[in-house]
>>> print(open('run-v9.txt').read())   # compact mmCIF, C-alpha atoms
# COMPACT_ATOMS: atom_id res chain seq x y z
CA MET D 1 -11.83 -87.51 169.13
CA ASP D 2 -12.72 -84.13 170.62
CA HIS D 3 -13.29 -82.56 167.24
CA GLN D 4 -15.58 -85.45 166.34
CA ARG D 5 -17.64 -84.91 169.45
CA ARG D 6 -17.74 -81.18 168.75
CA ALA D 7 -18.96 -81.79 165.20
CA ILE D 8 -21.65 -84.17 166.45
CA ALA D 9 -22.73 -81.70 169.12
CA ASP D 10 -23.09 -79.01 166.48
CA GLU D 11 -25.74 -81.10 164.74
CA ILE D 12 -27.92 -81.60 167.82
CA PRO D 13 -30.29 -78.67 167.17
CA ARG D 14 -30.99 -79.91 163.66
CA LEU D 15 -31.44 -83.48 164.85
CA ARG D 16 -33.91 -82.37 167.49
CA ARG D 17 -35.87 -80.26 165.03
CA TYR D 18 -36.10 -83.01 162.44
CA ALA D 19 -36.96 -85.67 165.01
CA ARG D 20 -39.69 -83.53 166.43
CA ALA D 21 -41.17 -82.74 163.03
CA LEU D 22 -40.99 -86.40 162.08
CA SER D 23 -42.44 -87.90 165.23
CA GLY D 24 -44.79 -85.08 166.21
CA SER D 25 -43.87 -85.53 169.84
CA GLU D 26 -41.22 -83.79 171.88
CA ILE D 27 -40.76 -86.81 174.12
CA ASP D 28 -40.42 -89.27 171.26
CA ALA D 29 -38.16 -86.83 169.45
CA ASP D 30 -35.79 -86.48 172.37
CA ASP D 31 -35.70 -90.26 172.84
CA LEU D 32 -34.89 -90.57 169.17
CA VAL D 33 -32.08 -88.03 169.36
CA GLN D 34 -30.69 -89.53 172.56
CA GLU D 35 -30.56 -92.95 170.94
CA THR D 36 -28.99 -91.46 167.81
CA LEU D 37 -26.27 -89.78 169.83
CA THR D 38 -25.61 -92.92 171.85
CA ARG D 39 -25.24 -94.98 168.70
CA ALA D 40 -23.09 -92.34 167.05
CA LEU D 41 -20.72 -92.03 169.98
CA SER D 42 -20.37 -95.78 170.27
CA HIS D 43 -19.67 -96.14 166.54
CA LEU D 44 -17.39 -93.20 165.90
CA VAL D 45 -15.14 -95.33 163.73
CA GLN D 46 -17.97 -95.59 161.19
CA TRP D 47 -17.82 -91.87 160.59
CA THR D 48 -15.31 -91.02 157.93
CA SER D 49 -13.05 -88.44 159.43
CA GLY D 50 -13.11 -85.08 157.73
CA GLU D 51 -16.66 -85.43 156.53
CA ASN D 52 -19.56 -83.43 157.87
CA PRO D 53 -21.36 -85.83 160.20
CA ARG D 54 -24.81 -84.50 159.30
CA LYS D 55 -25.69 -87.16 156.74
CA TRP D 56 -24.30 -89.93 158.94
CA LEU D 57 -26.25 -88.73 161.99
CA PHE D 58 -29.49 -88.28 160.07
CA SER D 59 -29.06 -91.79 158.66
CA ILE D 60 -28.73 -93.20 162.17
CA LEU D 61 -31.75 -91.24 163.32
CA HIS D 62 -33.81 -92.33 160.32
CA ASN D 63 -32.92 -95.99 160.75
CA HIS D 64 -33.79 -95.87 164.42
CA TYR D 65 -37.08 -94.15 163.64
CA VAL D 66 -38.00 -96.73 160.99
CA ASP D 67 -37.09 -99.54 163.37
CA GLY D 68 -39.43 -97.99 165.92
CA LEU D 69 -42.24 -97.72 163.39
CA ARG D 70 -41.83 -101.36 162.46
CA ARG D 71 -41.94 -102.41 166.08
CA SER D 72 -44.94 -100.28 166.81
CA THR D 73 -48.36 -100.96 165.41
CA ARG D 74 -49.62 -97.53 166.28
CA ALA D 75 -50.21 -94.98 163.61
CA PRO D 76 -47.77 -92.11 163.19
CA ALA D 77 -48.30 -89.56 165.87
CA HIS D 78 -50.40 -86.54 165.20
CA VAL D 79 -48.24 -83.66 164.20
CA SER D 80 -49.43 -80.85 166.35
CA ILE D 81 -48.24 -77.67 167.86
CA ASP D 82 -47.91 -78.26 171.54
CA ALA D 83 -46.49 -76.28 174.38
CA GLY D 84 -42.89 -76.45 175.41
CA GLU D 85 -39.54 -75.11 174.44
CA PHE D 86 -40.26 -75.79 170.80
CA THR D 87 -43.21 -73.45 170.83
CA PRO D 88 -42.90 -71.59 167.57
CA VAL D 89 -42.86 -67.88 167.35
CA SER D 90 -46.26 -66.33 167.02
CA LEU D 91 -47.53 -66.50 163.51
CA GLY D 92 -50.18 -63.89 164.11
CA ALA D 93 -52.06 -63.49 160.91
CA ASP D 94 -50.42 -66.67 159.64
CA ALA D 95 -52.47 -68.79 162.01
CA GLY D 96 -54.49 -70.06 159.08
CA ILE D 97 -51.36 -71.12 157.27
CA ARG D 98 -50.17 -72.92 160.41
CA ARG D 99 -53.43 -74.80 160.66
CA ASP D 100 -53.32 -75.69 156.99
CA LEU D 101 -49.74 -76.82 157.42
CA ASP D 102 -50.82 -79.14 160.22
CA GLN D 103 -53.51 -80.60 158.02
CA GLY D 104 -51.13 -80.86 155.13
CA LEU D 105 -48.50 -82.72 157.13
CA GLN D 106 -51.18 -85.09 158.35
CA ALA D 107 -52.23 -85.76 154.80
CA LEU D 108 -48.74 -86.83 153.77
CA SER D 109 -47.60 -90.40 153.81
CA GLU D 110 -44.70 -91.26 156.09
CA ASP D 111 -42.38 -91.49 153.07
CA GLN D 112 -43.45 -88.14 151.70
CA ARG D 113 -43.13 -86.42 155.08
CA GLN D 114 -39.58 -87.71 155.53
CA VAL D 115 -38.45 -86.40 152.16
CA LEU D 116 -40.26 -83.10 152.50
CA LEU D 117 -38.78 -82.42 155.93
CA LEU D 118 -35.25 -83.35 154.93
CA VAL D 119 -35.30 -81.19 151.80
CA GLY D 120 -37.85 -78.54 152.68
CA LEU D 121 -37.03 -78.01 156.33
CA GLU D 122 -33.43 -79.14 156.74
CA GLY D 123 -32.28 -78.00 153.34
CA LEU D 124 -30.47 -81.22 152.49
CA SER D 125 -29.69 -81.96 148.86
CA TYR D 126 -31.50 -84.64 146.92
CA ALA D 127 -28.36 -86.77 146.95
CA GLU D 128 -27.95 -86.46 150.72
CA THR D 129 -31.63 -87.24 151.23
CA ALA D 130 -31.38 -90.26 148.96
CA ASP D 131 -28.39 -91.54 150.92
CA ILE D 132 -30.07 -91.02 154.27
CA LEU D 133 -33.28 -92.74 153.24
CA GLU D 134 -31.45 -95.32 151.09
CA ILE D 135 -33.61 -94.68 148.06
CA PRO D 136 -32.82 -93.52 144.50
CA ILE D 137 -32.74 -89.80 143.75
CA GLY D 138 -35.65 -90.23 141.35
CA THR D 139 -37.74 -91.55 144.21
CA VAL D 140 -36.75 -88.54 146.30
CA MET D 141 -37.93 -86.26 143.51
CA SER D 142 -41.25 -88.00 142.99
CA ARG D 143 -42.04 -88.24 146.71
CA LEU D 144 -41.08 -84.61 147.17
CA ALA D 145 -43.19 -83.42 144.27
CA ARG D 146 -46.23 -85.36 145.44
CA GLY D 147 -45.72 -84.30 149.04
CA ARG D 148 -45.36 -80.66 148.16
CA GLU D 149 -48.39 -80.85 145.91
CA LYS D 150 -50.48 -82.30 148.72
CA LEU D 151 -49.19 -79.70 151.12
CA ARG D 152 -49.83 -76.93 148.65
CA HIS D 153 -53.35 -78.15 148.16
CA GLU D 154 -53.95 -78.13 151.90
CA MET D 155 -52.37 -74.74 152.34
CA MET D 156 -54.48 -73.38 149.53
CA CYS D 157 -51.59 -71.51 148.01
CA ASP D 158 -52.15 -72.95 144.60
CA ILE D 159 -52.20 -70.32 141.95
CA GLY D 160 -54.63 -70.65 139.13
CA PRO D 161 -54.15 -69.71 135.52
CA ASP D 162 -56.08 -66.47 135.93
CA ASP D 163 -54.25 -65.38 139.06
CA VAL D 164 -50.80 -64.62 137.81
CA PRO D 165 -50.47 -63.51 134.26
CA LEU D 166 -46.81 -63.69 133.38
CA ASP D 167 -45.90 -61.93 130.19
CA GLY D 168 -49.11 -63.09 128.63
CA VAL D 169 -48.20 -66.74 128.98
CA PRO D 170 -51.13 -68.75 130.29
CA VAL D 171 -50.02 -70.72 133.29
CA GLY D 172 -51.78 -73.83 132.13
CA ALA D 173 -49.84 -73.74 128.91
CA ALA D 174 -46.61 -73.71 130.83
CA ILE D 175 -47.15 -77.27 131.90
CA ARG D 176 -46.95 -78.50 128.37
CA VAL D 177 -43.82 -77.54 126.58
CA ARG D 178 -43.63 -77.58 122.84
CA SER D 179 -40.08 -78.04 121.81
CA ALA D 180 -38.53 -77.87 118.42
CA ARG D 181 -35.36 -79.65 117.50
CA MET T 1 -31.51 -77.09 106.85
CA SER T 2 -34.53 -79.24 107.37
CA GLU T 3 -37.72 -78.04 108.98
CA PRO T 4 -37.56 -78.74 112.72
CA SER T 5 -39.92 -81.38 113.91
CA LEU T 6 -42.28 -80.63 116.74
CA ASN T 7 -42.17 -82.73 119.83
CA VAL T 8 -44.38 -82.47 122.85
CA SER T 9 -42.67 -82.92 126.15
CA PHE T 10 -43.72 -82.32 129.69
CA VAL T 11 -42.04 -80.49 132.47
CA GLY T 12 -43.22 -82.40 135.47
CA ASP T 13 -43.45 -81.23 139.04
CA ALA T 14 -40.44 -83.30 140.00
CA GLU T 15 -38.25 -81.50 137.46
CA LEU T 16 -39.60 -78.14 138.53
CA HIS T 17 -38.93 -78.84 142.17
CA ALA T 18 -35.45 -80.01 141.28
CA TYR T 19 -34.91 -76.74 139.47
CA LEU T 20 -36.18 -74.72 142.42
CA ASP T 21 -33.99 -76.65 144.83
CA GLY T 22 -30.95 -75.93 142.74
CA GLU T 23 -30.61 -79.54 141.72
CA LEU T 24 -31.26 -78.82 138.08
CA THR T 25 -30.20 -75.82 136.10
CA ALA T 26 -32.25 -74.37 133.32
CA GLN T 27 -29.28 -75.01 131.07
CA ALA T 28 -29.88 -78.70 131.57
CA LEU T 29 -32.81 -78.30 129.25
CA PRO T 30 -31.57 -77.94 125.73
CA GLN T 31 -34.44 -76.05 124.17
CA ILE T 32 -34.70 -72.31 124.75
CA GLU T 33 -38.48 -72.49 124.72
CA ALA T 34 -38.50 -75.19 127.34
CA ARG T 35 -36.12 -73.16 129.48
CA LEU T 36 -38.34 -70.10 129.29
CA LEU T 37 -41.45 -72.02 130.16
CA LEU T 38 -39.63 -73.76 132.97
CA GLU T 39 -38.78 -70.34 134.34
CA VAL T 40 -42.42 -69.32 134.20
CA ASN T 41 -43.54 -72.46 135.97
CA ALA T 42 -40.73 -72.11 138.45
CA ARG T 43 -41.74 -68.58 139.40
CA ILE T 44 -45.28 -69.71 140.04
CA LEU T 45 -44.25 -72.67 142.12
CA MET T 46 -41.63 -70.65 143.96
CA LYS T 47 -44.31 -68.59 145.65
CA SER T 48 -46.07 -71.58 147.13
CA LEU T 49 -42.80 -73.27 148.09
CA LYS T 50 -41.68 -70.14 149.90
CA ILE T 51 -44.91 -70.16 151.88
CA GLN T 52 -44.42 -73.82 152.70
CA ARG T 53 -40.81 -73.41 153.75
CA ASN T 54 -41.52 -70.34 155.87
CA ALA T 55 -44.42 -72.09 157.56
CA LEU T 56 -42.32 -75.18 158.26
CA GLN T 57 -39.47 -73.16 159.69
CA LYS T 58 -41.81 -71.15 161.87
CA LYS T 59 -43.53 -74.28 163.07
CA TYR T 60 -40.23 -76.01 163.75
CA PRO T 61 -37.69 -73.38 164.80
CA LEU T 62 -34.15 -74.54 165.32
CA PRO T 63 -33.85 -75.28 169.05
CA ASP T 64 -30.26 -74.15 169.26
CA ASP T 65 -30.57 -72.09 172.39
CA CYS T 66 -32.74 -74.05 174.77
CA PRO T 67 -31.82 -75.93 177.96
CA LYS T 68 -32.40 -79.44 176.58
CA THR T 69 -30.22 -78.82 173.57
CA LYS T 70 -27.47 -77.37 175.74
CA ALA T 71 -27.71 -80.34 178.09
CA MET T 72 -27.38 -82.77 175.18
CA ILE T 73 -24.44 -80.86 173.78
CA ASN T 74 -22.71 -80.89 177.14
CA ALA T 75 -23.37 -84.61 177.48
CA VAL T 76 -21.83 -85.31 174.07
CA LEU T 77 -18.85 -83.15 174.92
CA GLY T 78 -18.50 -84.91 178.23
CA LYS T 79 -19.04 -81.79 180.26
CA LEU T 80 -20.79 -81.82 183.59
CA THR T 81 -23.80 -79.56 183.84
>>> encode(input="run-v9.txt", output="structure tokens")
Amino acid sequence: MDHQRRAIADEIPRLRRYARALSGSEIDADDLVQETLTRALSHLVQWTSGENPRKWLFSILHNHYVDGLRRSTRAPAHVSIDAGEFTPVSLGADAGIRRDLDQGLQALSEDQRQVLLLVGLEGLSYAETADILEIPIGTVMSRLARGREKLRHEMMCDIGPDDVPLDGVPVGAAIRVRSAR
Amino acid sequence: MSEPSLNVSFVGDAELHAYLDGELTAQALPQIEARLLLEVNARILMKSLKIQRNALQKKYPLPDDCPKTKAMINAVLGKLT
């Protein structure tokens, strides 16, 4: 039992980070994590011993978050950079990127933000993300691609065909692949 | 040996992202030409994804050494603070 509690405790920083990125509020995020931990500790038998609890804990957190969204009629909270212990390190010259990131996250749908944060921020695999969100891997891929594209557009880091010549291959041409068989 | 037929296929963003995330290897694509072009696309996308990931991680640093996290950890471990 102790090693289970230790393994769960090890995931708390990641849970807090994801919850905060998802909800956009430190208070809501901590409530979410507290509830996740309470549920996890009261349902330890559901966790297959020997497995990393990360996927299990993120699933609990996600389900609780979705339940909250369904209960609430309010729009998803604004994702902003506010004061507190989560205050990010100074981005200095990257302030523009930070602002664009804020706008980009706002532009994402709830579904796209969930996938992008799980893969892009938490580094989970597509399969783990699909399990957590209870969707097919193909849906993970399409939501991720669309979410990243939106974010890229907002962050203005798109690279045009004239910007990066790579071995004389026009970038635009790279989208269409002619294959011989 | 017959003349190879030409097919037009598309490497979509989803496949490229899968490749960049290590979910799809270039070898999964059978045609050499497709693999090379996938690499080109991947290198271009990689730059913007790196910017995105860095920005996300800077915006949301891992709170592994802050009082609230420590309090939660202690609570889970049943330790008094």
>>> residues_around(input="run-v9.txt", residues="Arg54 (chain D)", least_positions_apart="4", cutoff="10 Å", atoms="all atoms listed in the file", output="PDB file with C-alpha atoms, keeping the file's coordinate frame")
ATOM      1  CA  ALA D   7     -18.960 -81.790 165.200  1.00  0.00           C
ATOM      2  CA  ILE D   8     -21.650 -84.170 166.450  1.00  0.00           C
ATOM      3  CA  ASP D  10     -23.090 -79.010 166.480  1.00  0.00           C
ATOM      4  CA  GLU D  11     -25.740 -81.100 164.740  1.00  0.00           C
ATOM      5  CA  ILE D  12     -27.920 -81.600 167.820  1.00  0.00           C
ATOM      6  CA  ARG D  14     -30.990 -79.910 163.660  1.00  0.00           C
ATOM      7  CA  LEU D  15     -31.440 -83.480 164.850  1.00  0.00           C
ATOM      8  CA  PHE D  58     -29.490 -88.280 160.070  1.00  0.00           C
ATOM      9  CA  SER D  59     -29.060 -91.790 158.660  1.00  0.00           C
ATOM     10  CA  ILE D  60     -28.730 -93.200 162.170  1.00  0.00           C
ATOM     11  CA  LEU D 124     -30.470 -81.220 152.490  1.00  0.00           C
ATOM     12  CA  GLU D 128     -27.950 -86.460 150.720  1.00  0.00           C
ATOM     13  CA  ILE D 132     -30.070 -91.020 154.270  1.00  0.00           C
TER      14      ILE D 132
END
>>> axis_aligned_box(input="run-v9.txt", around="region 15-32 of chain T", padding_each_side="3 Å", output="lines of an AutoDock Vina configuration file")
center_x = -34.4
center_y = -76.9
center_z = 134.5
size_x = 16.3
size_y = 15.2
size_z = 26.7
>>> atom_distance(input="run-v9.txt", atom1="CA of Gly78 (chain T)", atom2="CA of Leu118 (chain D)")
28.7 Å
>>> atom_distance(input="run-v9.txt", atom1="CA of Val33 (chain D)", atom2="CA of Met141 (chain D)")
26.6 Å
>>> atom_distance(input="run-v9.txt", atom1="CA of Leu105 (chain D)", atom2="CA of Lys50 (chain T)")
16.0 Å
>>> closest_residue(input="run-v9.txt", among="D:Asp111, D:Asp100, D:Glu51, D:Asp131", to="chain T", atoms="only C-alpha atoms")
D:Asp100
>>> closest_residue(input="run-v9.txt", among="D:Leu69, D:Ala21, D:Leu32, D:Ile137", to="chain T", atoms="only C-alpha atoms")
D:Ala21
>>> residues_around(input="run-v9.txt", residues="Leu20 (chain T)", least_positions_apart="3", cutoff="8 Å", atoms="all atoms listed in the file", output="number ranges by chain")
T: 16-17, 23-24, 42, 46
>>> closest_residue(input="run-v9.txt", among="T:Arg35, T:Lys58, T:Lys79, T:Arg43", to="chain D", atoms="all atoms listed in the file")
T:Lys58
>>> closest_residue(input="run-v9.txt", among="T:Val11, T:Ala18, T:Leu56, T:Ile51", to="Ala34 (chain T)", atoms="all atoms listed in the file")
T:Val11
>>> residues_around(input="run-v9.txt", residues="Leu108 (chain D)", least_positions_apart="6", cutoff="8 Å", atoms="only C-alpha atoms", output="list in words")
Gly147, Lys150 and Leu151 of chain D
>>> residues_around(input="run-v9.txt", residues="Asn74 (chain T)", least_positions_apart="6", cutoff="12 Å", atoms="all atoms listed in the file", output="list in words")
Arg5, Arg6, Ile8, Ala9, Asp10 and Ile12 of chain D; Pro67, Lys68, Leu80 and Thr81 of chain T
>>> write_last_selection(input="run-v9.txt", atoms="C-alpha atoms", output="short mmCIF file (atom, residue, chain, number, x, y, z; two decimals), in the coordinates of the input")
data_model
loop_
_atom_site.label_atom_id
_atom_site.label_comp_id
_atom_site.auth_asym_id
_atom_site.auth_seq_id
_atom_site.Cartn_x
_atom_site.Cartn_y
_atom_site.Cartn_z
CA ARG D 5 -17.64 -84.91 169.45
CA ARG D 6 -17.74 -81.18 168.75
CA ILE D 8 -21.65 -84.17 166.45
CA ALA D 9 -22.73 -81.70 169.12
CA ASP D 10 -23.09 -79.01 166.48
CA ILE D 12 -27.92 -81.60 167.82
CA PRO T 67 -31.82 -75.93 177.96
CA LYS T 68 -32.40 -79.44 176.58
CA LEU T 80 -20.79 -81.82 183.59
CA THR T 81 -23.80 -79.56 183.84
#
>>> interface_residues(input="run-v9.txt", of="chain T", to="chain D", cutoff="8 Å", atoms="only C-alpha atoms", output="PyMOL selection string")
chain T and resi 4-15+17-18+21+23+31+33-34+37-38+40-41+44+48-49+51-53+55-64+66+69+72-73+76-77
>>> write_last_selection(input="run-v9.txt", atoms="C-alpha atoms", output="PDB file, in the frame of the given file")
ATOM      1  CA  PRO T   4     -37.560 -78.740 112.720  1.00  0.00           C
ATOM      2  CA  SER T   5     -39.920 -81.380 113.910  1.00  0.00           C
ATOM      3  CA  LEU T   6     -42.280 -80.630 116.740  1.00  0.00           C
ATOM      4  CA  ASN T   7     -42.170 -82.730 119.830  1.00  0.00           C
ATOM      5  CA  VAL T   8     -44.380 -82.470 122.850  1.00  0.00           C
ATOM      6  CA  SER T   9     -42.670 -82.920 126.150  1.00  0.00           C
ATOM      7  CA  PHE T  10     -43.720 -82.320 129.690  1.00  0.00           C
ATOM      8  CA  VAL T  11     -42.040 -80.490 132.470  1.00  0.00           C
ATOM      9  CA  GLY T  12     -43.220 -82.400 135.470  1.00  0.00           C
ATOM     10  CA  ASP T  13     -43.450 -81.230 139.040  1.00  0.00           C
ATOM     11  CA  ALA T  14     -40.440 -83.300 140.000  1.00  0.00           C
ATOM     12  CA  GLU T  15     -38.250 -81.500 137.460  1.00  0.00           C
ATOM     13  CA  HIS T  17     -38.930 -78.840 142.170  1.00  0.00           C
ATOM     14  CA  ALA T  18     -35.450 -80.010 141.280  1.00  0.00           C
ATOM     15  CA  ASP T  21     -33.990 -76.650 144.830  1.00  0.00           C
ATOM     16  CA  GLU T  23     -30.610 -79.540 141.720  1.00  0.00           C
ATOM     17  CA  GLN T  31     -34.440 -76.050 124.170  1.00  0.00           C
ATOM     18  CA  GLU T  33     -38.480 -72.490 124.720  1.00  0.00           C
ATOM     19  CA  ALA T  34     -38.500 -75.190 127.340  1.00  0.00           C
ATOM     20  CA  LEU T  37     -41.450 -72.020 130.160  1.00  0.00           C
ATOM     21  CA  LEU T  38     -39.630 -73.760 132.970  1.00  0.00           C
ATOM     22  CA  VAL T  40     -42.420 -69.320 134.200  1.00  0.00           C
ATOM     23  CA  ASN T  41     -43.540 -72.460 135.970  1.00  0.00           C
ATOM     24  CA  ILE T  44     -45.280 -69.710 140.040  1.00  0.00           C
ATOM     25  CA  SER T  48     -46.070 -71.580 147.130  1.00  0.00           C
ATOM     26  CA  LEU T  49     -42.800 -73.270 148.090  1.00  0.00           C
ATOM     27  CA  ILE T  51     -44.910 -70.160 151.880  1.00  0.00           C
ATOM     28  CA  GLN T  52     -44.420 -73.820 152.700  1.00  0.00           C
ATOM     29  CA  ARG T  53     -40.810 -73.410 153.750  1.00  0.00           C
ATOM     30  CA  ALA T  55     -44.420 -72.090 157.560  1.00  0.00           C
ATOM     31  CA  LEU T  56     -42.320 -75.180 158.260  1.00  0.00           C
ATOM     32  CA  GLN T  57     -39.470 -73.160 159.690  1.00  0.00           C
ATOM     33  CA  LYS T  58     -41.810 -71.150 161.870  1.00  0.00           C
ATOM     34  CA  LYS T  59     -43.530 -74.280 163.070  1.00  0.00           C
ATOM     35  CA  TYR T  60     -40.230 -76.010 163.750  1.00  0.00           C
ATOM     36  CA  PRO T  61     -37.690 -73.380 164.800  1.00  0.00           C
ATOM     37  CA  LEU T  62     -34.150 -74.540 165.320  1.00  0.00           C
ATOM     38  CA  PRO T  63     -33.850 -75.280 169.050  1.00  0.00           C
ATOM     39  CA  ASP T  64     -30.260 -74.150 169.260  1.00  0.00           C
ATOM     40  CA  CYS T  66     -32.740 -74.050 174.770  1.00  0.00           C
ATOM     41  CA  THR T  69     -30.220 -78.820 173.570  1.00  0.00           C
ATOM     42  CA  MET T  72     -27.380 -82.770 175.180  1.00  0.00           C
ATOM     43  CA  ILE T  73     -24.440 -80.860 173.780  1.00  0.00           C
ATOM     44  CA  VAL T  76     -21.830 -85.310 174.070  1.00  0.00           C
ATOM     45  CA  LEU T  77     -18.850 -83.150 174.920  1.00  0.00           C
TER      46      LEU T  77
END
>>> closest_residue(input="run-v9.txt", among="D:Ser23, D:Gln103, D:Gln46, D:Asn52", to="Gly68 (chain D)", atoms="all atoms listed in the file")
D:Ser23
